[in-house]
Amino acid sequence: MNLMQSPYKVMIVDDDTRYVAPQKDLAYTKFGLELIHYTNWEEAQTELIDNFNFYEAIIIDGKGQLSKDSKTEDESHLSVAIGWLKEQKGRGLSIPIFINTGFHDEISKYHRPDNDVIEIFQKGENQTLKMFDSVRKAVESKEGRKLENLYADVFSVFNNHYLPAEKKALLLQALIASQNQNCLKSDFNAVRELLELVYFKLNVIGVLDNKYFPSGRPNFEWCYRFLCNLDVSTPTWKDSPMGYATFPVHIGYIVNGVKNVSSVFSHSYNEEYTPYALKSITYGVMEVLLWLKKFVDTQK
């Protein structure tokens, strides 16, 4: 796990402490999950009553303990847990639920949409890796929905009229990485691809000529200069300023910053990746996306 990343907090309810101990290290180092362990459902529920929103997901043993004094390998703790979690969902509190069990066939009945159980995993090394991967994906998907709601104005751009709906994944990637203090070269590339989409859209609506797209991809410097009413010089042709800028002044400054920073981090400076550099250009390109939406509307 990237040392700058804040791990996802995942509750695990399992009466076998010896089983859970090595899983904690595996989940943290390989998947960025911090497993917080409770041996019985009663204590886990008490914690959730006080700190439900602290946890991103929950893993429950198929057969465990209802309370610290009850018998082990008891399926009733699972039915009580799922029933209580369903009640919380009715109160507006939801959490991805996973079941980890050595009794898969007996527990499979709990895998129903109305139970919010995402998946049931058989205990074992290969299944454990799949489980942690599934947990992480579920958490990030949940986080993505929160971000879409928070920045609904920006995500409204991805509706196929302005930009392809599936491309919202690029913005989610950059936002999640910067929000969680974790960034990679691919996240800077995602921001660069978003700016590329803006140029493609301006080409489609007739603002940018095809000559600014050598080999079918936009030349970022040429596009930027043309849209800012600056001269564009290439080895084979030259465009003089057209007399007016398509980009408003502040958008031009933002695009130049996004172009330069994303380019640098896409090619080098691996050891210098910081969430702040990523966050600065991510929010910058979000402002550009909002401008694009308004601009396209004026071209109708």
# chains A, B, ... in the order shown; residues from 1 in each chain; ligands from 1
call {"tool": "select_by_dssp", "arguments": {"residues": "range 28-248 of chain A", "states": "strand (DSSP E)", "output": "list in words"}}
result
Leu33, Glu34, Leu35, Ile36, His37, Tyr38, Ala57, Ile58, Ile59, Ile60, Asp61, Ile97, Phe98, Ile99, Asn100, Thr101, Val117, Ile118, Glu119, Ile120, Phe121, Gln122, Val232, Ser233, Lys238 and Asp239 of chain A
call {"tool": "residues_around", "arguments": {"residues": "range 67-75 of chain A", "least_positions_apart": "4", "cutoff": "10 Å", "atoms": "only C-alpha atoms", "output": "compact mmCIF listing (two decimals) with N, CA and C atoms, in the first residue's frame"}}
result
# COMPACT_ATOMS: atom_id res chain seq x y z
N ASP A 14 -15.37 -12.04 13.92
CA ASP A 14 -14.98 -13.45 13.81
C ASP A 14 -14.47 -13.89 15.18
N ASP A 15 -14.95 -15.03 15.67
CA ASP A 15 -14.55 -15.48 17.01
C ASP A 15 -13.18 -16.14 17.04
N ASP A 16 -12.55 -16.32 15.88
CA ASP A 16 -11.25 -17.00 15.80
C ASP A 16 -10.14 -15.95 15.66
N TYR A 38 -13.64 -7.63 15.99
CA TYR A 38 -14.50 -7.92 17.13
C TYR A 38 -14.81 -9.41 17.11
N THR A 39 -14.79 -10.03 18.29
CA THR A 39 -14.95 -11.48 18.35
C THR A 39 -16.40 -11.92 18.42
N ASN A 40 -17.34 -11.01 18.71
CA ASN A 40 -18.74 -11.40 18.78
C ASN A 40 -19.62 -10.25 18.30
N TRP A 41 -20.84 -10.59 17.86
CA TRP A 41 -21.71 -9.59 17.27
C TRP A 41 -22.19 -8.55 18.28
N GLU A 42 -22.42 -8.94 19.51
CA GLU A 42 -22.92 -7.99 20.51
C GLU A 42 -21.97 -6.81 20.66
N GLU A 43 -20.68 -7.08 20.77
CA GLU A 43 -19.69 -6.00 20.92
C GLU A 43 -19.55 -5.22 19.62
N ALA A 44 -19.63 -5.91 18.49
CA ALA A 44 -19.55 -5.23 17.20
C ALA A 44 -20.71 -4.26 17.02
N ASP A 61 -18.22 -13.46 10.07
CA ASP A 61 -18.02 -14.91 10.01
C ASP A 61 -19.38 -15.59 9.86
N GLY A 62 -19.42 -16.64 9.05
CA GLY A 62 -20.69 -17.34 8.82
C GLY A 62 -21.24 -17.96 10.08
N LYS A 63 -20.36 -18.51 10.89
CA LYS A 63 -20.77 -19.08 12.17
C LYS A 63 -19.82 -18.55 13.24
N SER A 79 -27.64 -14.16 11.45
CA SER A 79 -29.01 -13.73 11.16
C SER A 79 -29.37 -12.48 11.97
N VAL A 80 -28.92 -12.42 13.20
CA VAL A 80 -29.18 -11.24 14.03
C VAL A 80 -28.45 -10.03 13.45
N THR A 101 -16.71 -17.56 5.56
CA THR A 101 -17.14 -18.74 6.31
C THR A 101 -16.43 -20.01 5.88
N GLY A 102 -16.39 -20.95 6.80
CA GLY A 102 -15.91 -22.29 6.47
C GLY A 102 -17.07 -23.22 6.17
N PHE A 103 -18.30 -22.66 6.18
CA PHE A 103 -19.51 -23.47 5.96
C PHE A 103 -20.32 -22.85 4.83
N GLU A 106 -23.98 -24.08 3.84
CA GLU A 106 -25.01 -23.81 4.84
C GLU A 106 -25.36 -22.32 4.92
N ILE A 107 -24.41 -21.48 4.58
CA ILE A 107 -24.60 -20.04 4.74
C ILE A 107 -25.06 -19.36 3.45
call {"tool": "closest_atom_pairs", "arguments": {"of": "range 50-72 of chain A", "to": "range 82-100 of chain A", "cutoff": "7 Å", "atoms": "only C-alpha atoms", "output": "Markdown table"}}
result
| residue | atom | partner | partner_atom | distance |
| --- | --- | --- | --- | --- |
| A:Glu56 | CA | A:Ile95 | CA | 6.5 |
| A:Ala57 | CA | A:Pro96 | CA | 4.9 |
| A:Ile58 | CA | A:Ile97 | CA | 5.2 |
| A:Ile59 | CA | A:Phe98 | CA | 4.7 |
| A:Ile60 | CA | A:Ile99 | CA | 4.9 |
| A:Asp61 | CA | A:Asn100 | CA | 5.0 |
| A:Gly62 | CA | A:Asn100 | CA | 5.9 |
call {"tool": "write_last_selection", "arguments": {"atoms": "all heavy atoms", "output": "mmCIF file, in the first residue's frame"}}
result
data_model
loop_
_atom_site.group_PDB
_atom_site.id
_atom_site.type_symbol
_atom_site.label_atom_id
_atom_site.label_comp_id
_atom_site.auth_asym_id
_atom_site.auth_seq_id
_atom_site.Cartn_x
_atom_site.Cartn_y
_atom_site.Cartn_z
ATOM 1 N N GLU A 56 -16.172 1.412 6.547
ATOM 2 C CA GLU A 56 -16.481 1.422 5.117
ATOM 3 C C GLU A 56 -17.145 0.121 4.661
ATOM 4 O O GLU A 56 -17.836 0.096 3.639
ATOM 5 C CB GLU A 56 -15.193 1.629 4.308
ATOM 6 C CG GLU A 56 -14.392 2.860 4.688
ATOM 7 C CD GLU A 56 -14.967 4.126 4.105
ATOM 8 O OE1 GLU A 56 -15.980 4.052 3.396
ATOM 9 O OE2 GLU A 56 -14.395 5.192 4.364
ATOM 10 N N ALA A 57 -16.925 -0.961 5.398
ATOM 11 C CA ALA A 57 -17.491 -2.264 5.046
ATOM 12 C C ALA A 57 -17.418 -3.155 6.271
ATOM 13 O O ALA A 57 -16.727 -2.836 7.250
ATOM 14 C CB ALA A 57 -16.729 -2.899 3.877
ATOM 15 N N ILE A 58 -18.132 -4.278 6.218
ATOM 16 C CA ILE A 58 -18.103 -5.218 7.338
ATOM 17 C C ILE A 58 -18.010 -6.637 6.806
ATOM 18 O O ILE A 58 -18.671 -7.001 5.826
ATOM 19 C CB ILE A 58 -19.349 -5.041 8.242
ATOM 20 C CG1 ILE A 58 -19.272 -5.972 9.455
ATOM 21 C CG2 ILE A 58 -20.642 -5.252 7.468
ATOM 22 C CD1 ILE A 58 -20.315 -5.658 10.521
ATOM 23 N N ILE A 59 -17.134 -7.436 7.442
ATOM 24 C CA ILE A 59 -16.960 -8.854 7.125
ATOM 25 C C ILE A 59 -17.428 -9.650 8.339
ATOM 26 O O ILE A 59 -16.935 -9.430 9.455
ATOM 27 C CB ILE A 59 -15.495 -9.189 6.808
ATOM 28 C CG1 ILE A 59 -14.984 -8.356 5.628
ATOM 29 C CG2 ILE A 59 -15.326 -10.673 6.524
ATOM 30 C CD1 ILE A 59 -13.468 -8.453 5.423
ATOM 31 N N ILE A 60 -18.369 -10.546 8.124
ATOM 32 C CA ILE A 60 -18.939 -11.309 9.230
ATOM 33 C C ILE A 60 -18.680 -12.795 9.021
ATOM 34 O O ILE A 60 -18.915 -13.330 7.929
ATOM 35 C CB ILE A 60 -20.460 -11.055 9.360
ATOM 36 C CG1 ILE A 60 -20.761 -9.557 9.400
ATOM 37 C CG2 ILE A 60 -21.016 -11.735 10.605
ATOM 38 C CD1 ILE A 60 -22.241 -9.225 9.383
ATOM 39 N N ASP A 61 -18.220 -13.459 10.066
ATOM 40 C CA ASP A 61 -18.025 -14.907 10.011
ATOM 41 C C ASP A 61 -19.382 -15.591 9.861
ATOM 42 O O ASP A 61 -20.374 -15.184 10.462
ATOM 43 C CB ASP A 61 -17.350 -15.353 11.314
ATOM 44 C CG ASP A 61 -16.935 -16.816 11.278
ATOM 45 O OD1 ASP A 61 -16.978 -17.425 10.193
ATOM 46 O OD2 ASP A 61 -16.574 -17.342 12.354
ATOM 47 N N GLY A 62 -19.424 -16.643 9.046
ATOM 48 C CA GLY A 62 -20.689 -17.336 8.817
ATOM 49 C C GLY A 62 -21.242 -17.963 10.081
ATOM 50 O O GLY A 62 -22.451 -17.959 10.318
#
call {"tool": "closest_residue", "arguments": {"among": "A:Phe132, A:Ala169, A:His77, A:Ser215", "to": "Leu147 in chain A", "atoms": "only C-alpha atoms"}}
result
A:Ala169
call {"tool": "closest_residue", "arguments": {"among": "A:Gln127, A:Asn229, A:Ser141, A:Ser76", "to": "Gly252 in chain A", "atoms": "only C-alpha atoms"}}
result
A:Asn229
call {"tool": "select_by_dssp", "arguments": {"residues": "range 78-157 of chain A", "states": "alpha helix (DSSP H)", "output": "VMD selection string"}}
result
chain A and resid 78 to 90 104 to 107 125 to 150 152 to 155
call {"tool": "residues_around", "arguments": {"residues": "Glu287 in chain A", "least_positions_apart": "3", "cutoff": "10 Å", "atoms": "only C-alpha atoms", "output": "PyMOL selection string"}}
result
chain A and resi 154+250-251+254-255+281-284+290-292
call {"tool": "atom_distance", "arguments": {"atom1": "CA of Glu140 in chain A", "atom2": "CA of Phe200 in chain A"}}
result
28.6 Å
call {"tool": "atom_distance", "arguments": {"atom1": "CA of Gln173 in chain A", "atom2": "CA of Ala152 in chain A"}}
result
15.7 Å
call {"tool": "closest_residue", "arguments": {"among": "A:Leu289, A:Tyr8, A:Thr46, A:Lys167", "to": "Lys142 in chain A", "atoms": "only C-alpha atoms"}}
result
A:Tyr8
call {"tool": "closest_residue", "arguments": {"among": "A:Asn126, A:Lys279, A:Asn203, A:Ser266", "to": "Ile176 in chain A", "atoms": "only C-alpha atoms"}}
result
A:Lys279
